[in-house]
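As stored in upload_32.csv (CSV, C-alpha atoms):
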chain,number,residue,atom,x,y,z
A,15,VAL,CA,25.0,-257.9,-23.3
A,16,LYS,CA,25.7,-260.5,-25.9
A,17,GLU,CA,28.7,-260.5,-28.3
A,18,ALA,CA,28.8,-257.8,-31.0
A,19,LYS,CA,28.0,-258.9,-34.5
A,20,THR,CA,29.9,-257.2,-37.3
A,21,SER,CA,28.9,-257.2,-40.9
A,22,VAL,CA,29.7,-255.4,-44.2
A,23,THR,CA,27.0,-253.4,-45.9
A,24,VAL,CA,26.8,-251.4,-49.1
A,25,LEU,CA,25.7,-247.8,-48.8
A,26,ALA,CA,23.5,-245.9,-51.2
A,27,ASP,CA,26.5,-244.3,-53.0
A,28,GLY,CA,28.1,-247.7,-53.7
A,29,THR,CA,30.7,-247.6,-51.0
A,30,TYR,CA,31.3,-250.3,-48.4
A,31,ALA,CA,30.8,-249.8,-44.7
A,32,THR,CA,31.2,-251.9,-41.5
A,33,GLN,CA,28.3,-251.9,-39.0
A,34,THR,CA,28.4,-253.4,-35.6
A,35,ALA,CA,25.2,-254.4,-33.7
A,36,LEU,CA,25.0,-255.1,-29.9
A,37,THR,CA,22.0,-257.1,-28.7
A,38,THR,CA,20.8,-257.0,-25.1
A,39,ASP,CA,18.4,-259.2,-23.2
A,40,ALA,CA,15.6,-256.9,-22.0
A,41,GLU,CA,13.9,-258.0,-18.8
A,42,GLU,CA,10.4,-259.0,-19.5
A,43,VAL,CA,7.8,-257.5,-17.3
A,44,ILE,CA,5.6,-260.2,-15.8
A,45,THR,CA,2.0,-259.4,-14.8
A,46,THR,CA,-0.5,-261.6,-13.2
A,47,ASP,CA,-4.3,-261.7,-13.2
A,48,ASP,CA,-4.4,-260.4,-9.7
A,49,ASP,CA,-2.6,-257.1,-10.6
A,50,PRO,CA,-4.8,-254.0,-11.0
A,51,VAL,CA,-5.9,-253.0,-14.4
A,52,LEU,CA,-4.1,-249.7,-14.2
A,53,ARG,CA,-0.8,-251.4,-13.4
A,54,LYS,CA,-1.2,-253.7,-16.4
A,55,MET,CA,-2.0,-250.8,-18.8
A,56,LEU,CA,1.0,-248.8,-17.5
A,57,LEU,CA,3.4,-251.7,-17.9
A,58,SER,CA,2.1,-252.4,-21.4
A,59,GLY,CA,3.2,-249.0,-22.5
A,60,ASN,CA,0.1,-246.8,-22.0
A,61,TYR,CA,2.0,-243.9,-20.3
A,62,LEU,CA,-0.5,-241.3,-21.5
A,63,LEU,CA,-2.9,-242.8,-19.0
A,64,GLY,CA,-0.2,-242.6,-16.4
A,65,ALA,CA,0.4,-238.9,-17.1
A,66,SER,CA,-3.4,-238.3,-16.8
A,67,VAL,CA,-3.4,-240.1,-13.5
A,68,VAL,CA,-0.5,-238.0,-12.2
A,69,SER,CA,-2.2,-234.8,-13.2
A,70,SER,CA,-5.5,-235.8,-11.5
A,71,LEU,CA,-3.6,-236.7,-8.3
A,72,LEU,CA,-1.9,-233.3,-8.3
A,73,LYS,CA,-5.3,-231.6,-8.5
A,74,ILE,CA,-6.6,-233.7,-5.6
A,75,ILE,CA,-3.7,-232.7,-3.5
A,76,LEU,CA,-4.0,-229.0,-4.3
A,77,LYS,CA,-7.7,-229.1,-3.5
A,78,THR,CA,-7.2,-230.9,-0.2
A,79,ALA,CA,-4.4,-228.5,0.7
A,80,GLU,CA,-6.8,-225.6,0.3
A,81,ARG,CA,-9.1,-227.1,3.0
A,82,LEU,CA,-6.6,-228.6,5.5
A,83,GLY,CA,-3.6,-226.4,4.9
A,84,LYS,CA,-0.2,-227.2,3.4
A,85,ASP,CA,1.3,-227.9,6.9
A,86,ASN,CA,-1.2,-230.7,7.6
A,87,MET,CA,0.4,-234.1,8.1
A,88,LYS,CA,-2.0,-235.8,5.8
A,89,ILE,CA,-1.1,-233.4,3.0
A,90,LYS,CA,2.6,-234.0,3.5
A,91,GLU,CA,2.0,-237.8,3.6
A,92,GLN,CA,0.0,-237.7,0.4
A,93,THR,CA,2.7,-235.5,-1.2
A,94,VAL,CA,5.4,-238.0,-0.5
A,95,LYS,CA,3.3,-240.8,-1.9
A,96,PHE,CA,2.6,-238.8,-5.0
A,97,LEU,CA,6.3,-238.1,-5.5
A,98,ILE,CA,7.2,-241.8,-5.1
A,99,THR,CA,4.5,-242.7,-7.6
A,100,CYS,CA,5.8,-240.3,-10.2
A,101,CYS,CA,9.4,-241.4,-9.8
A,102,SER,CA,8.5,-245.1,-9.9
A,103,MET,CA,6.5,-244.4,-13.1
A,104,ILE,CA,9.3,-242.6,-14.8
A,105,GLN,CA,11.8,-245.3,-13.8
A,106,ALA,CA,9.6,-248.0,-15.1
A,107,GLY,CA,9.1,-246.2,-18.4
A,108,GLN,CA,12.8,-245.5,-18.9
A,109,ASN,CA,13.8,-249.1,-18.1
A,110,ALA,CA,11.1,-250.7,-20.2
A,111,PRO,CA,11.9,-252.4,-23.6
A,112,SER,CA,12.2,-250.1,-26.6
A,113,ALA,CA,8.8,-251.1,-27.9
A,114,SER,CA,7.0,-250.0,-24.7
A,115,ARG,CA,9.3,-247.2,-23.5
A,116,MET,CA,7.9,-244.0,-22.1
A,117,ASP,CA,7.4,-241.2,-24.7
A,118,ARG,CA,8.8,-237.8,-24.3
A,119,ASP,CA,5.5,-236.0,-23.8
A,120,SER,CA,4.4,-238.2,-20.9
A,121,TYR,CA,7.9,-237.8,-19.3
A,122,GLU,CA,7.7,-234.0,-19.5
A,123,ARG,CA,4.1,-234.0,-18.2
A,124,ILE,CA,5.0,-236.1,-15.1
A,125,SER,CA,8.2,-234.1,-14.5
A,126,PHE,CA,6.2,-230.9,-14.6
A,127,CYS,CA,3.8,-232.2,-12.0
A,128,ILE,CA,6.8,-233.1,-9.8
A,129,ARG,CA,8.1,-229.6,-10.1
A,130,ALA,CA,4.7,-228.0,-9.5
A,131,ILE,CA,4.3,-229.9,-6.1
A,132,LEU,CA,7.9,-229.1,-5.0
A,133,ASP,CA,8.3,-225.5,-6.1
A,134,PRO,CA,6.0,-223.0,-4.4
A,135,GLU,CA,6.4,-220.3,-7.1
A,136,VAL,CA,5.4,-222.7,-9.9
A,137,GLU,CA,2.4,-224.0,-7.8
A,138,ALA,CA,1.2,-220.4,-7.3
A,139,GLU,CA,1.3,-219.7,-11.0
A,140,ILE,CA,-0.5,-222.8,-12.1
A,141,HIS,CA,-2.9,-223.1,-9.2
A,142,ASP,CA,-5.8,-221.3,-10.8
A,143,VAL,CA,-5.1,-222.8,-14.2
A,144,LEU,CA,-5.3,-226.4,-12.9
A,145,LEU,CA,-8.3,-226.0,-10.5
A,146,LYS,CA,-10.4,-223.4,-12.3
A,147,ASP,CA,-9.5,-222.8,-16.0
A,148,CYS,CA,-9.2,-226.4,-16.9
A,149,ARG,CA,-12.6,-227.2,-15.4
A,150,SER,CA,-14.2,-224.2,-17.3
A,151,VAL,CA,-12.7,-225.2,-20.6
A,152,LEU,CA,-13.9,-228.8,-20.2
A,153,ALA,CA,-17.4,-227.6,-19.3
A,154,ASP,CA,-17.4,-225.4,-22.4
A,155,LEU,CA,-16.3,-228.3,-24.6
A,156,LEU,CA,-19.0,-230.6,-23.2
A,157,GLU,CA,-21.6,-227.9,-23.8
A,158,GLU,CA,-20.5,-227.4,-27.4
A,159,GLN,CA,-20.6,-231.2,-28.0
A,160,LYS,CA,-24.1,-231.4,-26.5
A,161,GLU,CA,-25.4,-228.5,-28.7
A,162,PHE,CA,-23.8,-230.1,-31.8
A,163,GLU,CA,-25.4,-233.5,-31.1
A,164,LYS,CA,-28.8,-231.8,-30.5
A,165,ALA,CA,-28.6,-229.9,-33.7
A,166,HIS,CA,-27.3,-232.9,-35.7
A,167,SER,CA,-30.2,-235.1,-34.4
A,168,ALA,CA,-32.8,-232.4,-35.2
A,169,ASN,CA,-31.5,-232.0,-38.7
A,170,GLY,CA,-31.5,-235.8,-39.2
A,171,GLU,CA,-35.2,-236.1,-38.1
A,172,GLU,CA,-36.5,-233.1,-40.1
A,173,GLY,CA,-34.3,-233.5,-43.3
A,174,GLU,CA,-35.2,-235.8,-46.1
A,175,GLN,CA,-32.9,-238.7,-47.0
A,176,MET,CA,-31.7,-237.9,-50.5
A,177,ILE,CA,-29.2,-240.8,-50.8
A,178,GLN,CA,-29.9,-244.5,-50.3
A,179,PRO,CA,-27.8,-246.4,-47.8
A,180,ASP,CA,-26.5,-248.8,-50.4
A,181,SER,CA,-25.4,-246.1,-52.9
A,182,ILE,CA,-21.9,-246.4,-54.3
A,183,LEU,CA,-19.4,-243.8,-53.2
A,184,SER,CA,-17.0,-243.0,-56.0
A,185,PHE,CA,-13.7,-241.3,-55.3
A,186,ARG,CA,-12.3,-239.9,-58.5
A,187,GLN,CA,-8.7,-239.5,-57.3
A,188,LEU,CA,-8.5,-243.2,-56.2
A,189,LYS,CA,-10.2,-244.7,-59.3
A,190,SER,CA,-8.2,-246.0,-62.2
A,191,ARG,CA,-9.2,-244.6,-65.6
A,192,ARG,CA,-7.7,-247.5,-67.4
A,193,GLY,CA,-10.6,-249.8,-66.7
A,194,LEU,CA,-13.2,-247.5,-68.3
A,195,GLY,CA,-13.7,-248.3,-71.9
A,196,ALA,CA,-15.8,-246.6,-74.6
A,197,THR,CA,-18.9,-248.8,-73.8
A,198,ASP,CA,-18.4,-248.9,-70.0
A,199,VAL,CA,-20.7,-247.0,-67.6
A,200,ASP,CA,-18.9,-244.4,-65.5
A,201,LEU,CA,-20.4,-244.3,-62.1
A,202,ASP,CA,-18.9,-240.9,-61.3
A,203,ASP,CA,-21.3,-238.0,-61.1
A,204,GLU,CA,-19.2,-236.1,-63.7
A,205,GLY,CA,-18.4,-239.2,-65.8
A,206,ASP,CA,-19.9,-237.9,-69.0
A,207,LEU,CA,-18.1,-234.6,-68.8
A,208,ASN,CA,-14.8,-236.3,-68.0
A,209,LYS,CA,-15.2,-238.5,-71.1
A,210,ALA,CA,-15.9,-235.5,-73.2
A,211,LYS,CA,-12.7,-233.9,-72.0
A,212,GLY,CA,-10.7,-237.1,-72.6
A,213,LEU,CA,-9.9,-237.7,-68.9
A,214,ASP,CA,-10.8,-241.3,-69.2
A,215,GLU,CA,-7.7,-241.8,-71.4
A,216,THR,CA,-5.3,-240.7,-68.7
A,217,GLN,CA,-4.3,-242.3,-65.5
A,218,GLY,CA,-5.7,-241.5,-62.1
A,219,LEU,CA,-3.9,-239.4,-59.5
A,220,SER,CA,-2.9,-242.4,-57.4
A,221,GLU,CA,-1.2,-244.0,-60.4
A,222,HIS,CA,0.6,-240.8,-61.3
A,223,LEU,CA,2.0,-240.5,-57.7
A,224,ALA,CA,3.1,-244.1,-57.7
A,225,HIS,CA,5.4,-243.5,-60.7
A,226,VAL,CA,7.1,-240.3,-59.3
A,227,HIS,CA,10.7,-240.9,-58.2
A,228,GLN,CA,12.9,-238.5,-56.2
A,229,LEU,CA,16.2,-237.7,-57.9
A,230,THR,CA,17.8,-235.4,-55.3
A,231,GLY,CA,17.5,-234.8,-51.6
A,232,PHE,CA,14.9,-232.5,-50.1
A,233,SER,CA,17.6,-230.2,-48.6
A,234,ASP,CA,19.6,-229.8,-51.8
A,235,PRO,CA,19.7,-226.4,-53.5
A,236,VAL,CA,18.2,-227.8,-56.6
A,237,TYR,CA,15.4,-230.4,-56.2
A,238,ALA,CA,14.5,-232.8,-59.0
A,239,GLU,CA,12.0,-235.5,-59.4
A,240,ALA,CA,10.8,-237.6,-62.4
A,241,GLN,CA,7.6,-239.2,-63.4
A,242,VAL,CA,8.2,-242.4,-65.2
A,243,SER,CA,5.7,-243.6,-67.9
A,244,VAL,CA,6.1,-246.6,-70.2
A,245,HIS,CA,4.7,-246.5,-73.8
A,246,ASP,CA,5.2,-249.8,-75.6
A,247,PHE,CA,9.0,-250.0,-75.8
A,248,ASP,CA,9.7,-246.4,-74.8
A,249,ILE,CA,10.3,-245.0,-71.3
A,250,VAL,CA,9.4,-241.3,-70.9
A,251,LEU,CA,10.6,-239.2,-68.1
A,252,ASN,CA,8.8,-236.0,-67.1
A,253,ILE,CA,11.4,-234.2,-64.9
A,254,LEU,CA,10.5,-231.4,-62.5
A,255,VAL,CA,13.3,-229.2,-61.4
A,256,ILE,CA,12.9,-226.6,-58.6
A,257,ASN,CA,15.4,-223.9,-57.7
A,258,ARG,CA,15.4,-223.5,-54.0
A,259,THR,CA,18.0,-220.8,-53.9
A,260,PRO,CA,17.4,-217.0,-53.9
A,261,ASN,CA,19.6,-216.7,-57.0
A,262,THR,CA,18.8,-217.3,-60.7
A,263,LEU,CA,20.5,-220.4,-62.1
A,264,THR,CA,21.6,-220.3,-65.8
A,265,ASN,CA,22.6,-223.0,-68.1
A,266,LEU,CA,21.1,-225.7,-65.8
A,267,ALA,CA,20.8,-229.2,-67.2
A,268,VAL,CA,20.0,-232.7,-66.0
A,269,GLU,CA,22.5,-235.4,-67.0
A,270,LEU,CA,21.1,-238.9,-67.5
A,271,ALA,CA,23.2,-242.1,-67.7
A,272,THR,CA,21.8,-245.3,-69.2
A,273,MET,CA,22.7,-248.9,-68.4
A,274,GLY,CA,22.4,-252.1,-70.4
A,275,ASP,CA,20.5,-251.9,-73.7
A,276,LEU,CA,18.8,-248.7,-72.9
A,277,LYS,CA,19.6,-245.7,-75.1
A,278,LEU,CA,19.0,-242.0,-74.5
A,279,VAL,CA,16.9,-240.7,-77.5
A,280,GLU,CA,16.6,-237.1,-76.4
A,281,LYS,CA,18.9,-235.3,-74.0
A,282,PRO,CA,17.4,-232.8,-71.6
A,283,GLN,CA,18.1,-229.2,-72.8
A,284,SER,CA,19.7,-226.5,-70.7
A,285,PHE,CA,17.5,-223.9,-69.3
A,286,THR,CA,17.4,-221.0,-66.8
A,287,ILE,CA,15.4,-221.0,-63.6
A,288,GLY,CA,14.7,-217.9,-61.5
A,289,ALA,CA,14.9,-217.7,-57.8
A,290,MET,CA,12.5,-220.2,-56.1
A,291,GLY,CA,11.2,-221.1,-59.6
A,292,HIS,CA,10.6,-224.4,-61.3
A,293,ARG,CA,10.7,-226.0,-64.7
As structure tokens - that is how I would like this structure written.
Amino acid sequence: VKEAKTSVTVLADGTYATQTALTTDAEEVITTDDDPVLRKMLLSGNYLLGASVVSSLLKIILKTAERLGKDNMKIKEQTVKFLITCCSMIQAGQNAPSASRMDRDSYERISFCIRAILDPEVEAEIHDVLLKDCRSVLADLLEEQKEFEKAHSANGEEGEQMIQPDSILSFRQLKSRRGLGATDVDLDDEGDLNKAKGLDETQGLSEHLAHVHQLTGFSDPVYAEAQVSVHDFDIVLNILVINRTPNTLTNLAVELATMGDLKLVEKPQSFTIGAMGHR
């Protein structure tokens, strides 16, 4: 562990705070070209593969125990090796650097496999699920995928190709309306109808969302956000206020404070919002 570094930072509310950071030298895992591919992938942080391997080994041991019996020395030997593999995998994942540390799902999966091999009651409950139900579900899934691919290929051969491969795909929500003038050609399918309605004079959905700023926290009783739009020298705020309480709020107003040369032309009026309502 290296020496602690202390610095002063400014919080969001304007107050000062002192933060201390401790840095540690993580041991770098060294792999060679002679190492198996599975070991390289596990040490690089692919613990989902490790959890799948552990689950497969558990099924192999359970199937072998059905044939040879649980008291067979080979079964006991394989069980001990299985437990050593699981414990080593968990230890390697927990001691790895933060960037490649084992995730919680893989840890719970491997821990469940260890409990299943050691606890006879748990093994009896999940025996049919692991060896029979999982296999049947996988078979049904593969059969559905095969039928879907067969139907999709049949439709592709019989159906006519209505759209050319080099046709332009137009996404109305992602396209800016600012670039479309009176003489420009709108490539949208409903471009003429949108121009007739005056939609080409407004901004697109992506531009609207880019100018929305949160004014309060998500967990506050009253949530407020504002959409900022600039017209020449004027800044217009469209404020949305949501009452998240089960009570009606009366005489509710939004107070705005300006800085510098900005002046508040029109103050927001007081209003009443019902339970779970918005204005």
>> Would you pick out the contacts of Thr78 of chain A at 12 Å or less, using all atoms listed in the file, so that residues sharing its chain but fewer than 4 positions from it are not included, and give the list as a ChimeraX atom specification?
In response: /A:71-74,82-90,92-93,145
Please, could you write that set of residues out with C-alpha atoms as an mmCIF file, keeping the file's coordinate frame?
data_model
loop_
_atom_site.group_PDB
_atom_site.id
_atom_site.type_symbol
_atom_site.label_atom_id
_atom_site.label_comp_id
_atom_site.auth_asym_id
_atom_site.auth_seq_id
_atom_site.Cartn_x
_atom_site.Cartn_y
_atom_site.Cartn_z
ATOM 1 C CA LEU A 71 -3.600 -236.700 -8.300
ATOM 2 C CA LEU A 72 -1.900 -233.300 -8.300
ATOM 3 C CA LYS A 73 -5.300 -231.600 -8.500
ATOM 4 C CA ILE A 74 -6.600 -233.700 -5.600
ATOM 5 C CA LEU A 82 -6.600 -228.600 5.500
ATOM 6 C CA GLY A 83 -3.600 -226.400 4.900
ATOM 7 C CA LYS A 84 -0.200 -227.200 3.400
ATOM 8 C CA ASP A 85 1.300 -227.900 6.900
ATOM 9 C CA ASN A 86 -1.200 -230.700 7.600
ATOM 10 C CA MET A 87 0.400 -234.100 8.100
ATOM 11 C CA LYS A 88 -2.000 -235.800 5.800
ATOM 12 C CA ILE A 89 -1.100 -233.400 3.000
ATOM 13 C CA LYS A 90 2.600 -234.000 3.500
ATOM 14 C CA GLN A 92 0.000 -237.700 0.400
ATOM 15 C CA THR A 93 2.700 -235.500 -1.200
ATOM 16 C CA LEU A 145 -8.300 -226.000 -10.500
#
Residue with the minimum atom-to-atom distance to Thr34 of chain A, picked from A:His227, A:Thr46, A:Lys19, A:Gly274 with only C-alpha atoms counted, is A:Lys19
From atom CA of Leu25 of chain A to atom CA of Glu269 of chain A the spacing works out at 22.3 Å
Atom CA of Ile287 of chain A to atom CA of Pro260 of chain A measures 10.7 Å
- Which neighbours of segment 48-65 of chain A fall inside 12 Å, counting all atoms listed in the file, when residues of the same chain fewer than 4 positions from it are skipped, and could you give them as number ranges by chain? A: 42-44, 69-72, 99-128
From the list A:Ile131, A:Ile75, A:Val24, A:Val255, the nearest residue to Gly288 of chain A using all atoms listed in the file is A:Val255
Counting all atoms listed in the file, the option among A:Gln178, A:Asn265, A:Ser21, A:Ser233 closest to Ser284 of chain A =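 Nearest candidate to Ser284 of chain A out of A:Gln178, A:Asn265, A:Ser21, A:Ser233: A:Asn265.
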As a check of understanding: the span from atom CA of Lys77 of chain A to atom CA of Asp147 of chain A is 14.1 Å
